[in-house]
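J.: Have a look at this one.
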Amino acid sequence: MFKALVALTTPLLPEDYLSLVDPLWSTTELRGRVVGIRRETDRATTLVIRPGRAWTGHRAGQYVRIGVDIAGVRHWRTYSLSGPEGDGDITITVQALPDGLVSRHLVDATPVGSIVRLEQASGDFVLPSPVPSKLLMLTAGSGITPVMSMLRTLGAHPDVVVLHSAPTADDVIFADELRARPGTTVRHTSADGRLDLADLDTLCPDWRDREAYACGPAGLLDAAEQHWGDARPRLHLERFTPPTRSTGGEGGTVTFGDREVEVDGGASLLEAGEDAGVLLPSGCRMGICFSCILPLRDGQVRDLRTGEIRGEPGDMVQTCITGATGTARLDLRPAEETR
Amino acid sequence: MTEAQVEELGRRLDAIRDRVVADRGQRDADYIHSIIRKQRYLEVGGRALLFAGILPPAWVAGTAMLSASKILENMELGHNIMHGQWDWMRDPKIHSSTWDWDNTSPAEAWKYTHNYEHHTYTNIVGKDRDVGYGILRMSDEQEWSPYYLFNPLWNALLATFFQWGVALHDLEAERIASGEKTWASVWPQLKAIGRKVRRQFTKDYIVFPALAGPFFLPVLAGNVTANLVRNLWSHAVIFCGHFPDGAVQFSEEQLDDETRGQWYLRQMLGSANLEGGPLFHLMTGNLSFQIEHHLFPDLPSNRYAEIAPEIRAICAEYGLEYTSGPLRKQYAQVLRTINRLALPPEKDTTPDPTTALTPTGSETPDTLAA
Ligand SMILES: Cc1cc2nc3c(=O)[nH]c(=O)nc-3n(C[C@H](O)[C@H](O)[C@H](O)COP(=O)(O)OP(=O)(O)OC[C@H]3O[C@@H](n4cnc5c(N)ncnc54)[C@H](O)[C@@H]3O)c2cc1C
Ligand code: FES
């Protein structure tokens, strides 16, 4: 049936026409429609998203990659799913960073009805099954989101201690829900100072015996890792690490597929790769024919024409006019075959 | 023009490019999305109307819509997207590496012969295979043979079957004929073309007519006509881009140590624009701004109209010819050249081998002598 339809739409796919009616009817590109918005705090908003039919669900604590178009350009970021397992619609809760590109767009400029791109949920910051009898959740700021998904999934699980920090009472995301939960301590760090993990002994004396889940700023997570020491296997961390930003500089180490190549200052990725014996596609070698593009997996690159440093995972890189700036990884496989 | 002036020209053009690149954004994304939507509605509408094609007005309207859709799809979408003009949006659905078009020429092969060969070696006789498509004599530099007595006929055939001509072009059929390439070496390419041709042929000439049941013939006729209209139109627009009077051709020596500025100059002098209204420009895929397209093949097509006055002014400033004219005038010149080159060269017009230039028109620009 599908094949017969493809014969009618070649070289496009049936969905390219069906998308005119409903963008969610795509099978090659998972999409979602924002169907609800809940303001959580001044800076944080929950988006309720109805995913396309290909969505396979998520486990509490997992995240999803979301692609949004801002000023015409697609950007991908990762957000934890804040809703319980098993819901048809999914939710993410985004806290806008002062100069955050995507977070501010999602919080301030994404009305109901907007279409976003999605990838399937992933991540192993999840509860084991069966669920351990005693849990400890250690969170701060927007780090509450994956844990909220767990709490909502667990329902009235008797023994969960939640220690959450936020700058002020107004900054506490899901404040009402947290307050209603027994075993929850919320700390306002601008008044009470940061949580000192030495206080754990009083706040949660049996913390060593609990399966612990921690999510928050890097400082908190690093400190927790230290503090748990021998009990480290019981501690599960989720990092919202900011994307690594290169600080410029010339040249670097670029991995093409499984080959590592040192690229120096002025050289293009294409020349350097070829000099090292990697078989790379190319054409005009001057930035016009686009024969040489490869998908960027990690890191950033430098446009040799403008000196501009750019790149996000998934970007297509014209290797003949880009140089290295720090480390980067490129796929040799040409762009995903979409049809 | 002095060497310094040529390099200054190059810097000024680079600056225009940088400015547009920095300004790309929502407006451009909205533009391409709206054209994609319009093209798809036109196609769906045209095909639907053709199912009622037993009624002459429905047939005419359906065929016209399908023709317009195919023209838009090939020119404003396919050609420009495969140039990477919209890659900056990072949308895998509108990307040069994934796009395929409603045409018998496979995207990969076309990107090589067009984006690479034609755009790198623009109008270099012997390197830019778009000069004559290996079928026509389009330049004095091409040696005459009796075969070219039929130049006008070959041109009419090429125009009629243009998409097939382009597919063959990708194959470098003339190099197989001359023994430069073996059949074995083109087998994978032939297979790719075969796959593409089979799908295109099946869609337009079997499946859609068959779906119409008793109205098989009107639908088939509509599809044949739409493909023909698209072929004739794209052939006309494309030939007017490089072969009217005033567009210059070059020989291979031009390539030696060519600087960025000289490259720009060659693109400028080798191309010709067409004049018309916004709808005309859209239907040519903005190749009516051939000069701007050749200078900046990867800038979004909707920007060419915006920078054209600036390019024209720069040309005037340096005393460079900015070839531009209405379609009928330019096409008449192309046809005249095709007819003239059917005949063997007269002795006294043999190009001077010491100059790097071979003008197709009457005047010889001395601007490249630097
Ligand atoms: C597994 C995972 C789950 C995540 N879940 C959530 C979530 O549920 N809710 C949520 O709001 N965010 C979450 N994030 C963070 C989110 O992916 C983005 O990094 C964040 O929204 C910032 O993106 P931006 O485009 O707004 O900022 P950008 O424009 O990329 O960056 C703006 C500035 O902020 C800095 N920055 C970027 N990210 C962070 C960060 N996380 N912390 C501190 N500074 C940063 C950058 O270095 C830069 O200076 C998660 C991240 C990961 C890896
Ligand atoms: S090789 Fe042509 S754009 Fe890079």
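In the structure tokens, chains take letters A, B, ... by order of appearance, with residues numbered from 1 within each chain and ligands from 1 in the order shown.
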Ligand 2: which residues are within 12 Å, counting only C-alpha atoms and all ligand atoms? Reply as a PyMOL selection string.
T.: (chain A and resi 268-271+280-294+303-304+316-322) or (chain B and resi 82-85+87+96-97+111-120+297-298)
J.: Need the shell around Glu85 of chain A: protein/DNA/RNA residues with any atom at most 6 Å away, counting only C-alpha atoms. Skip same-chain ones fewer than 2 positions apart. Format as a list in words?
T.: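 Once the nearby chain positions are removed, what remains is Arg59, Ala60, Asp87 and Thr153 of chain A.
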J.: Store the residues picked out above, limited to C-alpha atoms, as a PDB file, in the first residue's frame.
T.:
ATOM      1  CA  ARG A  59      10.365   6.024  31.075  1.00  0.00           C
ATOM      2  CA  ALA A  60      10.327   8.394  34.018  1.00  0.00           C
ATOM      3  CA  ASP A  87       0.711   9.562  29.277  1.00  0.00           C
ATOM      4  CA  THR A 153       5.057   7.977  38.102  1.00  0.00           C
TER       5      THR A 153
END
J.: Distance atom CA of Glu225 of chain A-atom CA of Pro132 of chain A, one decimal place?
T.: 20.3 Å
J.: Contacts between chain B and chain A, please, where a residue of chain A counts if it comes within 7 Å (with only C-alpha atoms); show its shortest atom pair and distance in Å to one decimal, rows by chain and ascending number, as JSON lines.
T.:
{"residue": "A:Ala7", "atom": "CA", "partner": "B:Lys203", "partner_atom": "CA", "distance": 5.8}
{"residue": "A:Leu8", "atom": "CA", "partner": "B:Lys203", "partner_atom": "CA", "distance": 5.6}
{"residue": "A:Thr10", "atom": "CA", "partner": "B:Arg199", "partner_atom": "CA", "distance": 6.8}
{"residue": "A:Pro11", "atom": "CA", "partner": "B:Asp100", "partner_atom": "CA", "distance": 6.0}
{"residue": "A:Tyr17", "atom": "CA", "partner": "B:Arg40", "partner_atom": "CA", "distance": 6.8}
{"residue": "A:Ala71", "atom": "CA", "partner": "B:Gln26", "partner_atom": "CA", "distance": 4.2}
{"residue": "A:Gly72", "atom": "CA", "partner": "B:Gln26", "partner_atom": "CA", "distance": 4.5}
{"residue": "A:Val73", "atom": "CA", "partner": "B:Met89", "partner_atom": "CA", "distance": 4.1}
{"residue": "A:Arg74", "atom": "CA", "partner": "B:Arg90", "partner_atom": "CA", "distance": 5.3}
{"residue": "A:Gly283", "atom": "CA", "partner": "B:Tyr116", "partner_atom": "CA", "distance": 5.7}
{"residue": "A:Cys284", "atom": "CA", "partner": "B:Tyr116", "partner_atom": "CA", "distance": 5.5}
{"residue": "A:Ile288", "atom": "CA", "partner": "B:Pro297", "partner_atom": "CA", "distance": 6.5}
{"residue": "A:Cys289", "atom": "CA", "partner": "B:Asn115", "partner_atom": "CA", "distance": 4.7}
{"residue": "A:Phe290", "atom": "CA", "partner": "B:Gly84", "partner_atom": "CA", "distance": 6.4}
{"residue": "A:Asp315", "atom": "CA", "partner": "B:Arg90", "partner_atom": "CA", "distance": 6.5}
{"residue": "A:Ala335", "atom": "CA", "partner": "B:Ser97", "partner_atom": "CA", "distance": 6.3}
{"residue": "A:Glu337", "atom": "CA", "partner": "B:Thr98", "partner_atom": "CA", "distance": 6.8}
{"residue": "A:Thr338", "atom": "CA", "partner": "B:Thr98", "partner_atom": "CA", "distance": 6.6}
J.: Could you give me, as an mmCIF file with N, CA, C and O atoms, in the first residue's frame, every polymer residue with an atom at most 7 Å away from an atom of ligand 1, counting only C-alpha atoms and all ligand atoms?
T.:
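Done, and the output landed in pocket_11.cif:
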data_model
loop_
_atom_site.group_PDB
_atom_site.id
_atom_site.type_symbol
_atom_site.label_atom_id
_atom_site.label_comp_id
_atom_site.auth_asym_id
_atom_site.auth_seq_id
_atom_site.Cartn_x
_atom_site.Cartn_y
_atom_site.Cartn_z
ATOM 1 N N TYR A 63 15.016 11.758 28.833
ATOM 2 C CA TYR A 63 14.931 13.058 28.159
ATOM 3 C C TYR A 63 14.589 12.862 26.687
ATOM 4 O O TYR A 63 14.609 11.744 26.176
ATOM 5 N N ARG A 77 17.947 20.873 21.218
ATOM 6 C CA ARG A 77 18.372 20.856 22.618
ATOM 7 C C ARG A 77 17.697 19.666 23.293
ATOM 8 O O ARG A 77 16.743 19.097 22.772
ATOM 9 N N THR A 78 18.202 19.374 24.472
ATOM 10 C CA THR A 78 17.713 18.218 25.210
ATOM 11 C C THR A 78 16.882 18.671 26.401
ATOM 12 O O THR A 78 17.319 19.564 27.136
ATOM 13 N N TYR A 79 15.724 18.082 26.601
ATOM 14 C CA TYR A 79 14.927 18.404 27.791
ATOM 15 C C TYR A 79 14.380 17.129 28.414
ATOM 16 O O TYR A 79 13.933 16.220 27.705
ATOM 17 N N SER A 80 14.436 17.110 29.725
ATOM 18 C CA SER A 80 13.881 15.957 30.438
ATOM 19 C C SER A 80 12.374 15.994 30.329
ATOM 20 O O SER A 80 11.769 17.063 30.285
ATOM 21 N N LEU A 81 11.789 14.815 30.298
ATOM 22 C CA LEU A 81 10.337 14.738 30.252
ATOM 23 C C LEU A 81 9.834 14.839 31.685
ATOM 24 O O LEU A 81 10.287 14.098 32.559
ATOM 25 N N ILE A 92 7.516 18.840 28.736
ATOM 26 C CA ILE A 92 8.859 19.242 29.127
ATOM 27 C C ILE A 92 8.710 20.526 29.931
ATOM 28 O O ILE A 92 7.740 21.267 29.737
ATOM 29 N N THR A 93 9.621 20.745 30.837
ATOM 30 C CA THR A 93 9.572 21.963 31.644
ATOM 31 C C THR A 93 10.887 22.683 31.464
ATOM 32 O O THR A 93 11.949 22.154 31.804
ATOM 33 N N VAL A 94 10.794 23.837 30.858
ATOM 34 C CA VAL A 94 11.995 24.550 30.428
ATOM 35 C C VAL A 94 12.195 25.785 31.280
ATOM 36 O O VAL A 94 11.264 26.544 31.516
ATOM 37 N N GLN A 95 13.414 25.964 31.759
ATOM 38 C CA GLN A 95 13.746 27.179 32.489
ATOM 39 C C GLN A 95 14.581 28.070 31.574
ATOM 40 O O GLN A 95 15.620 27.646 31.080
ATOM 41 N N ALA A 96 14.105 29.292 31.335
ATOM 42 C CA ALA A 96 14.804 30.184 30.405
ATOM 43 C C ALA A 96 16.103 30.670 31.020
ATOM 44 O O ALA A 96 16.114 31.192 32.126
ATOM 45 N N LEU A 97 17.206 30.488 30.305
ATOM 46 C CA LEU A 97 18.478 31.069 30.732
ATOM 47 C C LEU A 97 18.514 32.512 30.234
ATOM 48 O O LEU A 97 17.972 32.809 29.179
ATOM 49 N N ASP A 99 20.603 34.370 28.642
ATOM 50 C CA ASP A 99 20.944 34.550 27.229
ATOM 51 C C ASP A 99 20.811 33.233 26.464
ATOM 52 O O ASP A 99 21.511 32.985 25.501
ATOM 53 N N GLY A 100 19.872 32.417 26.915
ATOM 54 C CA GLY A 100 19.684 31.115 26.278
ATOM 55 C C GLY A 100 18.854 31.228 25.018
ATOM 56 O O GLY A 100 17.758 31.768 25.037
ATOM 57 N N LEU A 101 19.354 30.692 23.943
ATOM 58 C CA LEU A 101 18.664 30.818 22.662
ATOM 59 C C LEU A 101 17.388 29.985 22.652
ATOM 60 O O LEU A 101 16.282 30.491 22.446
ATOM 61 N N VAL A 102 17.536 28.690 22.852
ATOM 62 C CA VAL A 102 16.392 27.802 22.708
ATOM 63 C C VAL A 102 15.475 27.877 23.925
ATOM 64 O O VAL A 102 14.249 27.898 23.799
ATOM 65 N N SER A 103 16.047 27.943 25.125
ATOM 66 C CA SER A 103 15.188 27.958 26.306
ATOM 67 C C SER A 103 14.295 29.194 26.312
ATOM 68 O O SER A 103 13.110 29.116 26.631
ATOM 69 N N ARG A 104 14.841 30.339 25.917
ATOM 70 C CA ARG A 104 13.998 31.537 25.891
ATOM 71 C C ARG A 104 12.932 31.423 24.808
ATOM 72 O O ARG A 104 11.796 31.849 24.980
ATOM 73 N N SER A 142 16.283 23.682 37.636
ATOM 74 C CA SER A 142 15.475 22.925 36.674
ATOM 75 C C SER A 142 15.794 21.437 36.754
ATOM 76 O O SER A 142 15.167 20.637 36.068
ATOM 77 N N GLY A 143 16.765 21.064 37.593
ATOM 78 C CA GLY A 143 17.102 19.654 37.781
ATOM 79 C C GLY A 143 15.956 18.852 38.377
ATOM 80 O O GLY A 143 16.014 17.610 38.414
ATOM 81 N N THR A 145 13.135 18.493 36.992
ATOM 82 C CA THR A 145 12.225 17.948 35.960
ATOM 83 C C THR A 145 12.256 16.424 35.806
ATOM 84 O O THR A 145 11.199 15.801 35.862
ATOM 85 N N PRO A 146 13.416 15.804 35.612
ATOM 86 C CA PRO A 146 13.360 14.343 35.449
ATOM 87 C C PRO A 146 12.862 13.662 36.726
ATOM 88 O O PRO A 146 12.189 12.624 36.676
ATOM 89 N N PRO A 217 22.818 21.732 38.985
ATOM 90 C CA PRO A 217 24.037 22.338 38.449
ATOM 91 C C PRO A 217 25.254 21.444 38.671
ATOM 92 O O PRO A 217 25.288 20.628 39.614
ATOM 93 N N GLU A 238 22.178 12.952 36.676
ATOM 94 C CA GLU A 238 21.810 13.447 35.347
ATOM 95 C C GLU A 238 22.385 14.849 35.231
ATOM 96 O O GLU A 238 22.119 15.708 36.072
ATOM 97 N N ARG A 239 23.233 15.030 34.213
ATOM 98 C CA ARG A 239 23.839 16.357 34.023
ATOM 99 C C ARG A 239 23.161 17.092 32.882
ATOM 100 O O ARG A 239 23.006 16.548 31.798
ATOM 101 N N PHE A 240 22.783 18.340 33.152
ATOM 102 C CA PHE A 240 22.277 19.209 32.084
ATOM 103 C C PHE A 240 23.447 19.999 31.526
ATOM 104 O O PHE A 240 23.393 21.194 31.377
ATOM 105 N N THR A 241 24.554 19.296 31.300
ATOM 106 C CA THR A 241 25.780 20.000 30.917
ATOM 107 C C THR A 241 25.538 20.966 29.779
ATOM 108 O O THR A 241 24.932 20.607 28.782
ATOM 109 N N PRO A 242 26.014 22.190 29.930
ATOM 110 C CA PRO A 242 25.903 23.103 28.796
ATOM 111 C C PRO A 242 26.713 22.546 27.639
ATOM 112 O O PRO A 242 27.726 21.888 27.867
ATOM 113 N N PRO A 243 26.269 22.798 26.431
ATOM 114 C CA PRO A 243 27.033 22.309 25.287
ATOM 115 C C PRO A 243 28.450 22.849 25.340
ATOM 116 O O PRO A 243 28.638 24.019 25.654
ATOM 117 N N ARG A 245 31.504 24.694 24.531
ATOM 118 C CA ARG A 245 31.782 25.801 23.623
ATOM 119 C C ARG A 245 33.278 25.902 23.457
ATOM 120 O O ARG A 245 34.000 25.959 24.442
#
J.: Report as a PyMOL selection string: the residues of segment 202-309 of chain B with a DSSP assignment of strand (DSSP E), based on the backbone of this structure.
T.: chain B and resi 248-250+273-275
J.: In terms of the shortest atom-to-atom distance over only C-alpha atoms, which of B:Gln249, B:Asn223, B:Gln333, B:Asn286 is closest to Asp140 of chain B?
T.: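 Looking at the shortest contact to Asp140 of chain B, the residue is B:Gln249.
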J.: Could you go through segment 10-116 of chain B and tell me which residues DSSP, when run on the backbone, assigns to alpha helix (DSSP H), listing them as a CSV table (one decimal) with C-alpha atoms, in the first residue's frame?
T.:
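The result, stored in states_10.csv:
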chain,number,residue,atom,x,y,z
B,10,GLY,CA,36.4,40.6,-5.6
B,11,ARG,CA,36.5,42.1,-2.1
B,12,ARG,CA,33.4,44.2,-2.8
B,13,LEU,CA,31.5,41.1,-4.0
B,14,ASP,CA,32.6,39.2,-0.9
B,15,ALA,CA,31.3,42.0,1.2
B,16,ILE,CA,27.9,41.7,-0.4
B,17,ARG,CA,27.9,38.0,0.1
B,18,ASP,CA,28.8,38.4,3.8
B,19,ARG,CA,26.1,40.9,4.3
B,20,VAL,CA,23.3,38.7,2.8
B,21,VAL,CA,24.6,35.7,4.7
B,22,ALA,CA,24.5,37.6,8.0
B,23,ASP,CA,20.9,38.7,7.2
B,26,GLN,CA,12.9,34.0,9.3
B,27,ARG,CA,11.8,36.0,6.2
B,28,ASP,CA,13.8,33.7,3.9
B,29,ALA,CA,12.6,30.5,5.7
B,30,ASP,CA,9.0,31.7,5.3
B,31,TYR,CA,9.7,32.3,1.6
B,32,ILE,CA,10.9,28.8,0.8
B,33,HIS,CA,8.3,27.2,3.0
B,34,SER,CA,5.6,29.1,1.1
B,35,ILE,CA,7.0,28.2,-2.3
B,36,ILE,CA,7.1,24.5,-1.3
B,37,ARG,CA,3.5,24.7,-0.1
B,38,LYS,CA,2.4,26.5,-3.3
B,39,GLN,CA,4.1,24.0,-5.5
B,40,ARG,CA,2.5,21.0,-3.7
B,41,TYR,CA,-0.9,22.6,-3.9
B,42,LEU,CA,-0.5,23.3,-7.5
B,43,GLU,CA,0.6,19.8,-8.2
B,44,VAL,CA,-2.3,18.2,-6.2
B,45,GLY,CA,-4.8,20.6,-7.7
B,46,GLY,CA,-3.5,20.1,-11.3
B,47,ARG,CA,-3.6,16.3,-11.0
B,48,ALA,CA,-7.1,16.4,-9.5
B,49,LEU,CA,-8.4,18.6,-12.3
B,50,LEU,CA,-6.8,16.3,-14.9
B,51,PHE,CA,-9.0,13.5,-13.6
B,56,PRO,CA,-11.6,20.7,-22.1
B,57,PRO,CA,-11.5,23.6,-19.5
B,58,ALA,CA,-10.6,21.2,-16.7
B,59,TRP,CA,-7.9,19.6,-19.0
B,60,VAL,CA,-6.4,23.0,-19.9
B,61,ALA,CA,-6.5,24.3,-16.3
B,62,GLY,CA,-5.1,21.0,-14.9
B,63,THR,CA,-2.3,20.8,-17.4
B,64,ALA,CA,-1.4,24.4,-16.8
B,65,MET,CA,-1.3,23.9,-13.1
B,66,LEU,CA,0.8,20.7,-13.4
B,67,SER,CA,3.2,22.5,-15.8
B,68,ALA,CA,3.6,25.4,-13.4
B,69,SER,CA,4.1,23.0,-10.5
B,70,LYS,CA,6.8,21.1,-12.4
B,71,ILE,CA,8.6,24.3,-13.4
B,72,LEU,CA,8.6,25.6,-9.8
B,80,ASN,CA,18.3,26.1,-5.8
B,81,ILE,CA,18.0,23.7,-2.9
B,82,MET,CA,20.6,21.4,-4.5
B,107,ALA,CA,20.3,14.5,-7.8
B,108,GLU,CA,23.8,13.2,-7.2
B,109,ALA,CA,24.9,13.1,-10.8
B,110,TRP,CA,23.3,16.5,-11.4
J.: Extract, using only C-alpha atoms, all DNA, RNA and protein residues at most 7 Å from segment 158-160 of chain B, discarding same-chain residues fewer than 5 positions from it, and format them as an mmCIF file with N, CA, C and O atoms, in the first residue's frame.
T.:
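Output file selection.cif follows:
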data_model
loop_
_atom_site.group_PDB
_atom_site.id
_atom_site.type_symbol
_atom_site.label_atom_id
_atom_site.label_comp_id
_atom_site.auth_asym_id
_atom_site.auth_seq_id
_atom_site.Cartn_x
_atom_site.Cartn_y
_atom_site.Cartn_z
ATOM 1 N N GLY B 165 17.892 14.947 -21.940
ATOM 2 C CA GLY B 165 19.193 15.454 -22.368
ATOM 3 C C GLY B 165 20.105 15.684 -21.175
ATOM 4 O O GLY B 165 21.287 15.355 -21.194
ATOM 5 N N LEU B 228 6.507 18.389 -21.263
ATOM 6 C CA LEU B 228 7.024 19.086 -22.437
ATOM 7 C C LEU B 228 7.162 20.582 -22.153
ATOM 8 O O LEU B 228 8.195 21.191 -22.442
ATOM 9 N N ASN B 231 10.071 21.176 -20.032
ATOM 10 C CA ASN B 231 11.329 21.012 -20.769
ATOM 11 C C ASN B 231 11.629 22.239 -21.620
ATOM 12 O O ASN B 231 12.741 22.770 -21.586
ATOM 13 N N LEU B 232 10.636 22.687 -22.377
ATOM 14 C CA LEU B 232 10.857 23.814 -23.278
ATOM 15 C C LEU B 232 11.216 25.060 -22.493
ATOM 16 O O LEU B 232 12.128 25.800 -22.835
ATOM 17 N N HIS B 235 14.719 24.788 -20.763
ATOM 18 C CA HIS B 235 15.755 24.899 -21.796
ATOM 19 C C HIS B 235 15.932 26.354 -22.209
ATOM 20 O O HIS B 235 17.053 26.865 -22.287
#
J.: Need the shell around Leu118 of chain A: protein/DNA/RNA residues with any atom at most 8 Å away, counting only C-alpha atoms. Skip same-chain ones fewer than 3 positions apart. Format as a PyMOL selection string?
T.: chain A and resi 29-32+51+64-67
J.: Emit the selected residues as a short mmCIF file (atom, residue, chain, number, x, y, z; two decimals), in the first residue's frame, including N, CA and C atoms.
T.:
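Output file selection_39.cif follows:
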data_model
loop_
_atom_site.label_atom_id
_atom_site.label_comp_id
_atom_site.auth_asym_id
_atom_site.auth_seq_id
_atom_site.Cartn_x
_atom_site.Cartn_y
_atom_site.Cartn_z
N GLU A 29 10.08 11.87 10.02
CA GLU A 29 10.54 12.94 10.87
C GLU A 29 9.53 13.01 12.01
N LEU A 30 9.95 12.64 13.21
CA LEU A 30 9.03 12.65 14.34
C LEU A 30 8.76 14.10 14.74
N ARG A 31 7.50 14.43 14.84
CA ARG A 31 7.15 15.82 15.20
C ARG A 31 6.15 15.82 16.32
N GLY A 32 6.03 16.97 16.96
CA GLY A 32 5.03 17.12 18.00
C GLY A 32 4.37 18.48 17.89
N PRO A 51 2.86 14.14 20.64
CA PRO A 51 3.80 13.64 19.64
C PRO A 51 3.08 12.90 18.51
N VAL A 64 14.30 13.98 26.05
CA VAL A 64 13.99 13.95 24.63
C VAL A 64 14.76 15.08 23.96
N ARG A 65 15.20 14.83 22.72
CA ARG A 65 15.82 15.92 21.97
C ARG A 65 14.74 16.62 21.17
N ILE A 66 14.74 17.96 21.27
CA ILE A 66 13.70 18.74 20.62
C ILE A 66 14.34 19.69 19.63
N GLY A 67 13.82 19.72 18.43
CA GLY A 67 14.33 20.63 17.40
C GLY A 67 13.33 21.74 17.14
#
J.: How many Å separate atom CA of Pro98 of chain A from atom CA of Arg38 of chain A?
T.: 19.8 Å
J.: Find the spatial neighbours of His157 of chain A, counting only C-alpha atoms, within a cut-off of 10 Å - ignore same-chain residues fewer than 5 positions away - and output them as a PDB file with N, CA and C atoms, in the first residue's frame.
T.:
ATOM      1  N   VAL A 131      10.977  -1.099  41.734  1.00  0.00           N
ATOM      2  CA  VAL A 131      11.391   0.175  42.318  1.00  0.00           C
ATOM      3  C   VAL A 131      11.945  -0.075  43.720  1.00  0.00           C
ATOM      4  N   PRO A 132      13.124   0.471  44.009  1.00  0.00           N
ATOM      5  CA  PRO A 132      13.713   0.276  45.338  1.00  0.00           C
ATOM      6  C   PRO A 132      12.773   0.792  46.432  1.00  0.00           C
ATOM      7  N   SER A 133      12.890   0.208  47.606  1.00  0.00           N
ATOM      8  CA  SER A 133      11.930   0.572  48.644  1.00  0.00           C
ATOM      9  C   SER A 133      12.227   1.939  49.241  1.00  0.00           C
ATOM     10  N   LYS A 134      13.502   2.352  49.212  1.00  0.00           N
ATOM     11  CA  LYS A 134      13.835   3.655  49.791  1.00  0.00           C
ATOM     12  C   LYS A 134      14.586   4.499  48.774  1.00  0.00           C
ATOM     13  N   LEU A 135      14.084   5.739  48.548  1.00  0.00           N
ATOM     14  CA  LEU A 135      14.690   6.601  47.530  1.00  0.00           C
ATOM     15  C   LEU A 135      15.073   7.945  48.123  1.00  0.00           C
ATOM     16  N   LEU A 151       8.586  11.108  40.366  1.00  0.00           N
ATOM     17  CA  LEU A 151       7.647  11.242  41.489  1.00  0.00           C
ATOM     18  C   LEU A 151       6.212  11.048  41.004  1.00  0.00           C
ATOM     19  N   ARG A 152       5.916  11.629  39.851  1.00  0.00           N
ATOM     20  CA  ARG A 152       4.553  11.516  39.318  1.00  0.00           C
ATOM     21  C   ARG A 152       4.238  10.080  38.924  1.00  0.00           C
TER      22      ARG A 152
END
J.: Quick one: residues within 12 Å of Gly36 of chain A, only C-alpha atoms counted, chain neighbours fewer than 2 positions away excluded, as a list of chain:residue names?
T.: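 Once the nearby chain positions are removed, what remains is A:Gly32, A:Arg33, A:Val34, A:Arg38, A:Arg39, A:Thr45, A:Thr46, A:Leu47, A:Val48, A:Ile49, A:Arg50, A:Asp89, A:Ile90, A:Thr91, A:Ile92, A:Thr93, A:Thr110, A:Pro111, A:Val112, A:Gly113, A:Ser114.
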J.: Please compute the atom CA of Ala140 of chain A-atom CA of Gln120 of chain A distance, one decimal, in Å.
T.: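 Atom CA of Gln120 of chain A lies 25.8 Å from atom CA of Ala140 of chain A.
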J.: Can you tell me which residues surround Gly126 of chain B at a distance of at most 12 Å, considering only C-alpha atoms, apart from same-chain residues fewer than 6 positions away, and format the answer as an MDAnalysis selection string?
T.: chainID B and resid 117:118 132:134 137:143 175 249:253 255
